[in-house]
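Content type PDB, C-alpha atoms, pLDDT in the B column, from the file query_14.pdb:
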```pdb
MODEL        1
ATOM      1  CA  MET A 170      16.889  18.849 -17.127  1.00 43.00           C
ATOM      2  CA  ARG A 171      18.356  16.846 -14.260  1.00 48.00           C
ATOM      3  CA  ALA A 172      16.609  13.608 -13.248  1.00 48.00           C
ATOM      4  CA  ILE A 173      16.005  14.836  -9.703  1.00 51.00           C
ATOM      5  CA  ASP A 174      14.392  18.026 -10.997  1.00 53.00           C
ATOM      6  CA  LEU A 175      12.178  15.951 -13.300  1.00 51.00           C
ATOM      7  CA  ALA A 176      11.044  13.776 -10.381  1.00 52.00           C
ATOM      8  CA  CYS A 177      10.439  16.916  -8.339  1.00 53.00           C
ATOM      9  CA  ARG A 178       8.239  18.338 -11.090  1.00 54.00           C
ATOM     10  CA  ILE A 179       6.280  15.061 -11.453  1.00 55.00           C
ATOM     11  CA  LEU A 180       5.761  14.363  -7.758  1.00 55.00           C
ATOM     12  CA  LYS A 181       5.928  17.874  -6.334  1.00 54.00           C
ATOM     13  CA  VAL A 182       8.394  16.550  -3.715  1.00 53.00           C
ATOM     14  CA  ASN A 183      12.161  16.238  -3.820  1.00 51.00           C
ATOM     15  CA  HIS A 184      14.181  13.046  -3.395  1.00 52.00           C
ATOM     16  CA  ALA A 185      14.132  13.471   0.403  1.00 53.00           C
ATOM     17  CA  GLY A 186      10.327  13.656   0.429  1.00 54.00           C
ATOM     18  CA  GLU A 187      10.245  17.371   1.221  1.00 56.00           C
ATOM     19  CA  PRO A 188       7.988  19.730  -0.755  1.00 54.00           C
ATOM     20  CA  CYS A 189       9.566  21.378  -3.787  1.00 54.00           C
ATOM     21  CA  ALA A 190       9.570  25.107  -4.240  1.00 51.00           C
ATOM     22  CA  ILE A 191       7.303  24.759  -7.285  1.00 48.00           C
ATOM     23  CA  ASN A 192       3.552  24.304  -6.943  1.00 48.00           C
ATOM     24  CA  MET A 193       3.463  24.169  -3.148  1.00 48.00           C
ATOM     25  CA  LYS A 194      -0.342  24.003  -3.262  1.00 51.00           C
ATOM     26  CA  LEU A 195      -0.242  20.721  -5.201  1.00 52.00           C
ATOM     27  CA  VAL A 196       1.966  18.786  -2.788  1.00 51.00           C
ATOM     28  CA  PRO A 197       0.212  15.497  -1.970  1.00 53.00           C
ATOM     29  CA  LYS A 198      -0.836  14.932   1.642  1.00 63.00           C
ATOM     30  CA  ASN A 199       0.868  11.551   1.728  1.00 66.00           C
ATOM     31  CA  PRO A 200       4.385  11.504   0.308  1.00 81.00           C
ATOM     32  CA  VAL A 201       5.022   9.026  -2.466  1.00 79.00           C
ATOM     33  CA  ILE A 202       7.934   6.806  -3.395  1.00 80.00           C
ATOM     34  CA  LEU A 203       8.888   6.670  -7.054  1.00 79.00           C
ATOM     35  CA  LEU A 204      10.156   3.278  -8.238  1.00 84.00           C
ATOM     36  CA  ARG A 205      11.633   2.383 -11.606  1.00 83.00           C
ATOM     37  CA  HIS A 206      11.887  -0.936 -13.441  1.00 83.00           C
ATOM     38  CA  SER A 207      14.279  -1.197 -16.359  1.00 81.00           C
ATOM     39  CA  LYS A 208      11.622  -2.705 -18.671  1.00 85.00           C
ATOM     40  CA  LEU A 209       8.255  -1.940 -17.062  1.00 83.00           C
ATOM     41  CA  GLY A 210       8.709   1.768 -16.348  1.00 83.00           C
ATOM     42  CA  TYR A 211       7.769   3.839 -13.312  1.00 84.00           C
ATOM     43  CA  VAL A 212       5.400   3.233 -10.394  1.00 86.00           C
ATOM     44  CA  THR A 213       4.506   5.444  -7.452  1.00 83.00           C
ATOM     45  CA  VAL A 214       3.626   4.038  -4.034  1.00 85.00           C
ATOM     46  CA  SER A 215       1.932   6.256  -1.481  1.00 85.00           C
ATOM     47  CA  GLN A 216       3.073   6.242   2.099  1.00 86.00           C
ATOM     48  CA  GLY A 217       0.674   6.195   4.985  1.00 88.00           C
ATOM     49  CA  PHE A 218      -2.789   4.731   5.481  1.00 91.00           C
ATOM     50  CA  SER A 219      -4.550   3.078   2.516  1.00 91.00           C
ATOM     51  CA  LEU A 220      -8.316   3.549   2.578  1.00 92.00           C
ATOM     52  CA  SER A 221      -8.811   1.221  -0.377  1.00 92.00           C
ATOM     53  CA  ALA A 222      -7.041  -1.642   1.426  1.00 92.00           C
ATOM     54  CA  PHE A 223      -8.986  -0.831   4.597  1.00 94.00           C
ATOM     55  CA  PHE A 224     -12.361  -1.156   2.861  1.00 94.00           C
ATOM     56  CA  LEU A 225     -11.646  -3.699   0.094  1.00 92.00           C
ATOM     57  CA  GLY A 226      -9.267  -6.157   1.797  1.00 88.00           C
ATOM     58  CA  SER A 227      -8.135  -9.016  -0.409  1.00 91.00           C
ATOM     59  CA  ILE A 228      -9.740  -7.402  -3.487  1.00 93.00           C
ATOM     60  CA  TRP A 229      -7.213  -4.570  -3.070  1.00 93.00           C
ATOM     61  CA  ALA A 230      -4.420  -7.165  -3.116  1.00 93.00           C
ATOM     62  CA  ILE A 231      -5.733  -8.666  -6.375  1.00 94.00           C
ATOM     63  CA  VAL A 232      -5.974  -5.257  -8.049  1.00 94.00           C
ATOM     64  CA  LYS A 233      -2.412  -4.369  -6.972  1.00 92.00           C
ATOM     65  CA  ARG A 234      -1.137  -7.845  -8.014  1.00 91.00           C
ATOM     66  CA  THR A 235       0.376  -8.614  -4.612  1.00 91.00           C
ATOM     67  CA  TRP A 236      -0.312 -12.340  -4.703  1.00 93.00           C
ATOM     68  CA  LEU A 237       1.355 -13.355  -1.432  1.00 93.00           C
ATOM     69  CA  VAL A 238      -0.552 -10.642   0.421  1.00 93.00           C
ATOM     70  CA  PHE A 239      -3.756 -11.801  -1.271  1.00 95.00           C
ATOM     71  CA  VAL A 240      -3.273 -15.419  -0.176  1.00 95.00           C
ATOM     72  CA  GLY A 241      -2.535 -14.378   3.412  1.00 94.00           C
ATOM     73  CA  LEU A 242      -5.484 -12.000   3.630  1.00 94.00           C
ATOM     74  CA  PHE A 243      -7.826 -14.438   1.934  1.00 95.00           C
ATOM     75  CA  VAL A 244      -6.963 -17.287   4.326  1.00 96.00           C
ATOM     76  CA  VAL A 245      -7.480 -15.048   7.368  1.00 95.00           C
ATOM     77  CA  GLU A 246     -10.775 -13.718   5.957  1.00 94.00           C
ATOM     78  CA  VAL A 247     -12.093 -17.224   5.174  1.00 95.00           C
ATOM     79  CA  VAL A 248     -11.273 -18.384   8.712  1.00 95.00           C
ATOM     80  CA  LEU A 249     -13.041 -15.336  10.163  1.00 94.00           C
ATOM     81  CA  TRP A 250     -16.071 -15.876   7.909  1.00 94.00           C
ATOM     82  CA  TYR A 251     -16.269 -19.508   9.022  1.00 94.00           C
ATOM     83  CA  LEU A 252     -15.991 -18.601  12.703  1.00 93.00           C
ATOM     84  CA  ASN A 253     -18.654 -15.904  12.256  1.00 91.00           C
ATOM     85  CA  GLY A 254     -20.964 -18.482  10.711  1.00 90.00           C
ATOM     86  CA  VAL A 255     -20.405 -20.949  13.540  1.00 91.00           C
ATOM     87  CA  ALA A 256     -20.981 -18.264  16.170  1.00 90.00           C
ATOM     88  CA  THR A 257     -24.134 -17.099  14.386  1.00 89.00           C
ATOM     89  CA  VAL A 258     -25.601 -20.612  14.261  1.00 90.00           C
ATOM     90  CA  LYS A 259     -24.849 -21.135  17.953  1.00 90.00           C
ATOM     91  CA  ARG A 260     -26.160 -17.629  18.743  1.00 89.00           C
ATOM     92  CA  ASP A 261     -23.046 -16.900  20.760  1.00 86.00           C
ATOM     93  CA  PHE A 262     -23.138 -13.110  20.884  1.00 88.00           C
ATOM     94  CA  VAL A 263     -19.993 -12.735  22.972  1.00 91.00           C
ATOM     95  CA  THR A 264     -17.986 -14.606  20.347  1.00 90.00           C
ATOM     96  CA  LEU A 265     -19.631 -12.559  17.597  1.00 89.00           C
ATOM     97  CA  LEU A 266     -18.623  -9.362  19.368  1.00 92.00           C
ATOM     98  CA  GLY A 267     -15.048 -10.639  19.713  1.00 92.00           C
ATOM     99  CA  LEU A 268     -14.929 -11.615  16.036  1.00 92.00           C
ATOM    100  CA  MET A 269     -16.290  -8.203  15.067  1.00 93.00           C
ATOM    101  CA  LEU A 270     -13.433  -6.564  16.993  1.00 95.00           C
ATOM    102  CA  VAL A 271     -10.944  -8.895  15.274  1.00 95.00           C
ATOM    103  CA  ASN A 272     -12.404  -7.932  11.871  1.00 94.00           C
ATOM    104  CA  VAL A 273     -12.047  -4.228  12.688  1.00 95.00           C
ATOM    105  CA  ALA A 274      -8.468  -4.771  13.887  1.00 95.00           C
ATOM    106  CA  LEU A 275      -7.689  -6.684  10.671  1.00 95.00           C
ATOM    107  CA  ALA A 276      -9.099  -3.847   8.563  1.00 95.00           C
ATOM    108  CA  ILE A 277      -6.986  -1.292  10.432  1.00 96.00           C
ATOM    109  CA  CYS A 278      -3.860  -3.433   9.966  1.00 95.00           C
ATOM    110  CA  ARG A 279      -4.634  -3.809   6.256  1.00 94.00           C
ATOM    111  CA  GLY A 280      -4.934  -0.058   5.877  1.00 94.00           C
ATOM    112  CA  LYS A 281      -1.822   0.669   7.895  1.00 94.00           C
ATOM    113  CA  TYR A 282       0.514  -1.873   6.274  1.00 94.00           C
ATOM    114  CA  ALA A 283      -0.897  -2.145   2.724  1.00 93.00           C
ATOM    115  CA  ASN A 284       1.490   0.313   1.104  1.00 92.00           C
ATOM    116  CA  ARG A 285       4.462  -1.327   2.824  1.00 92.00           C
ATOM    117  CA  TRP A 286       3.334  -4.714   1.474  1.00 93.00           C
ATOM    118  CA  LEU A 287       2.937  -3.202  -1.995  1.00 91.00           C
ATOM    119  CA  LEU A 288       6.401  -1.642  -1.837  1.00 90.00           C
ATOM    120  CA  ALA A 289       7.958  -4.961  -0.785  1.00 90.00           C
ATOM    121  CA  SER A 290       6.129  -6.784  -3.587  1.00 91.00           C
ATOM    122  CA  LEU A 291       7.337  -4.299  -6.195  1.00 89.00           C
ATOM    123  CA  ARG A 292      10.909  -4.556  -4.974  1.00 90.00           C
ATOM    124  CA  ARG A 293      10.728  -8.359  -5.237  1.00 90.00           C
ATOM    125  CA  ARG A 294       9.602  -7.894  -8.852  1.00 88.00           C
ATOM    126  CA  GLY A 295      12.693  -5.840  -9.684  1.00 87.00           C
ATOM    127  CA  TYR A 296      11.613  -2.260  -9.071  1.00 86.00           C
ATOM    128  CA  GLY A 297      14.165   0.001  -7.446  1.00 84.00           C
ATOM    129  CA  PRO A 298      14.136   3.519  -6.016  1.00 81.00           C
ATOM    130  CA  TRP A 299      14.424   6.355  -8.482  1.00 77.00           C
ATOM    131  CA  PRO A 300      16.315   8.616  -8.843  1.00 71.00           C
ATOM    132  CA  VAL A 301      19.332   6.627  -7.752  1.00 63.00           C
ATOM    133  CA  ALA A 302      21.991   8.762  -6.118  1.00 59.00           C
ATOM    134  CA  ASP A 303      24.809   7.528  -8.378  1.00 55.00           C
ATOM    135  CA  ASP A 304      22.928   8.185 -11.664  1.00 50.00           C
ATOM    136  CA  LYS A 305      24.718  10.467 -14.096  1.00 52.00           C
ATOM    137  CA  GLN A 306      23.050  13.859 -14.141  1.00 50.00           C
ATOM    138  CA  ALA A 307      22.123  15.096 -17.623  1.00 47.00           C
TER
ENDMDL
END
```
Using the file provided, produce a representation of the structure as structure tokens.
Amino acid sequence: MRAIDLACRILKVNHAGEPCAINMKLVPKNPVILLRHSKLGYVTVSQGFSLSAFFLGSIWAIVKRTWLVFVGLFVVEVVLWYLNGVATVKRDFVTLLGLMLVNVALAICRGKYANRWLLASLRRRGYGPWPVADDKQA
């Protein structure tokens, strides 16, 4: 079996991200990217919005082992928590409303960019796209 056909059977999409002819009902809503590491094996990364990153924030980054993303998100969240506390003590409701909107915007950005951050982190760790076009077909 050719490597591309194997990936098509596993992911239900071909190397261009288009649905395969087999099992059309099982095609995932969000296309996935299949990455391969020579020693660690295979990993799939979904494309599109990440609900888990939207709701969990820096906890999502810990679970996915994206340490740079975790540090960045954690620093921003600590600053926002501190500012929320200061605004609450001062009873400044306009500032609280503004900080609430910033928190919502941060959550939307986390959800939108989380899978891109994960993909970049995996590539820094040595994962590459699979199947590679110049692989020998079996």
Between CA of Arg205 (chain A) and CA of Trp286 (chain A), what is the distance, to one decimal in Å? 17.0 Å
CA of Val212 (chain A) and CA of Ile231 (chain A), how far apart in Å?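 Pair CA of Ile231 (chain A) / CA of Val212 (chain A) returns 16.8 Å.
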All residues 9 Å or closer to Phe239 (chain A), all atoms listed in the file, same chain fewer than 3 positions away omitted, as a list of chain:residue names: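 The residues that qualify are A:Gly226, A:Ser227, A:Ile228, A:Trp229, A:Ala230, A:Ile231, A:Arg234, A:Thr235, A:Trp236, A:Leu242, A:Phe243, A:Val244.
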The distance between CA of Gly217 (chain A) and CA of Gly267 (chain A) is 27.3 Å
On this file, the PyMOL selection byres ((chain A and resi 274-276) around 8) gives some set of residues; write that set as a PDB file with C-alpha atoms, in the frame of the given file.
```pdb
ATOM      1  CA  ALA A 222      -7.041  -1.642   1.426  1.00 92.00           C
ATOM      2  CA  PHE A 223      -8.986  -0.831   4.597  1.00 94.00           C
ATOM      3  CA  PHE A 224     -12.361  -1.156   2.861  1.00 94.00           C
ATOM      4  CA  GLY A 226      -9.267  -6.157   1.797  1.00 88.00           C
ATOM      5  CA  LEU A 270     -13.433  -6.564  16.993  1.00 95.00           C
ATOM      6  CA  VAL A 271     -10.944  -8.895  15.274  1.00 95.00           C
ATOM      7  CA  ASN A 272     -12.404  -7.932  11.871  1.00 94.00           C
ATOM      8  CA  VAL A 273     -12.047  -4.228  12.688  1.00 95.00           C
ATOM      9  CA  ILE A 277      -6.986  -1.292  10.432  1.00 96.00           C
ATOM     10  CA  CYS A 278      -3.860  -3.433   9.966  1.00 95.00           C
ATOM     11  CA  ARG A 279      -4.634  -3.809   6.256  1.00 94.00           C
ATOM     12  CA  GLY A 280      -4.934  -0.058   5.877  1.00 94.00           C
TER      13      GLY A 280
END
```
The PyMOL selection byres ((chain A and resi 216) around 9) applied to the shown file, residues as a count of residues only: 11
Would you kindly translate the PyMOL selection byres ((chain A and resi 265) around 12) into the concrete residues it picks from this file, as a compact mmCIF listing (two decimals) with C-alpha atoms, in the coordinates of the input?
```txt
# COMPACT_ATOMS: atom_id res chain seq x y z
CA LEU A 249 -13.04 -15.34 10.16
CA TRP A 250 -16.07 -15.88 7.91
CA TYR A 251 -16.27 -19.51 9.02
CA LEU A 252 -15.99 -18.60 12.70
CA ASN A 253 -18.65 -15.90 12.26
CA GLY A 254 -20.96 -18.48 10.71
CA VAL A 255 -20.40 -20.95 13.54
CA ALA A 256 -20.98 -18.26 16.17
CA THR A 257 -24.13 -17.10 14.39
CA VAL A 258 -25.60 -20.61 14.26
CA LYS A 259 -24.85 -21.14 17.95
CA ARG A 260 -26.16 -17.63 18.74
CA ASP A 261 -23.05 -16.90 20.76
CA PHE A 262 -23.14 -13.11 20.88
CA VAL A 263 -19.99 -12.74 22.97
CA THR A 264 -17.99 -14.61 20.35
CA LEU A 266 -18.62 -9.36 19.37
CA GLY A 267 -15.05 -10.64 19.71
CA LEU A 268 -14.93 -11.62 16.04
CA MET A 269 -16.29 -8.20 15.07
CA LEU A 270 -13.43 -6.56 16.99
CA VAL A 271 -10.94 -8.90 15.27
CA ASN A 272 -12.40 -7.93 11.87
```
Selection near Ser207 (chain A), 10 Å with all atoms listed in the file, sequence-local residues under 2 positions removed, as a ChimeraX atom specification: /A:205,209-211,295-297
Can you sort out the box for region 225-233 of chain A, edges along x, y and z, all listed atoms in, 3 Å on every side, with centre and edge lengths in Å to one decimal, as JSON?
```
{"center_x": -7.0, "center_y": -6.4, "center_z": -3.1, "size_x": 15.2, "size_y": 11.3, "size_z": 15.8}
```
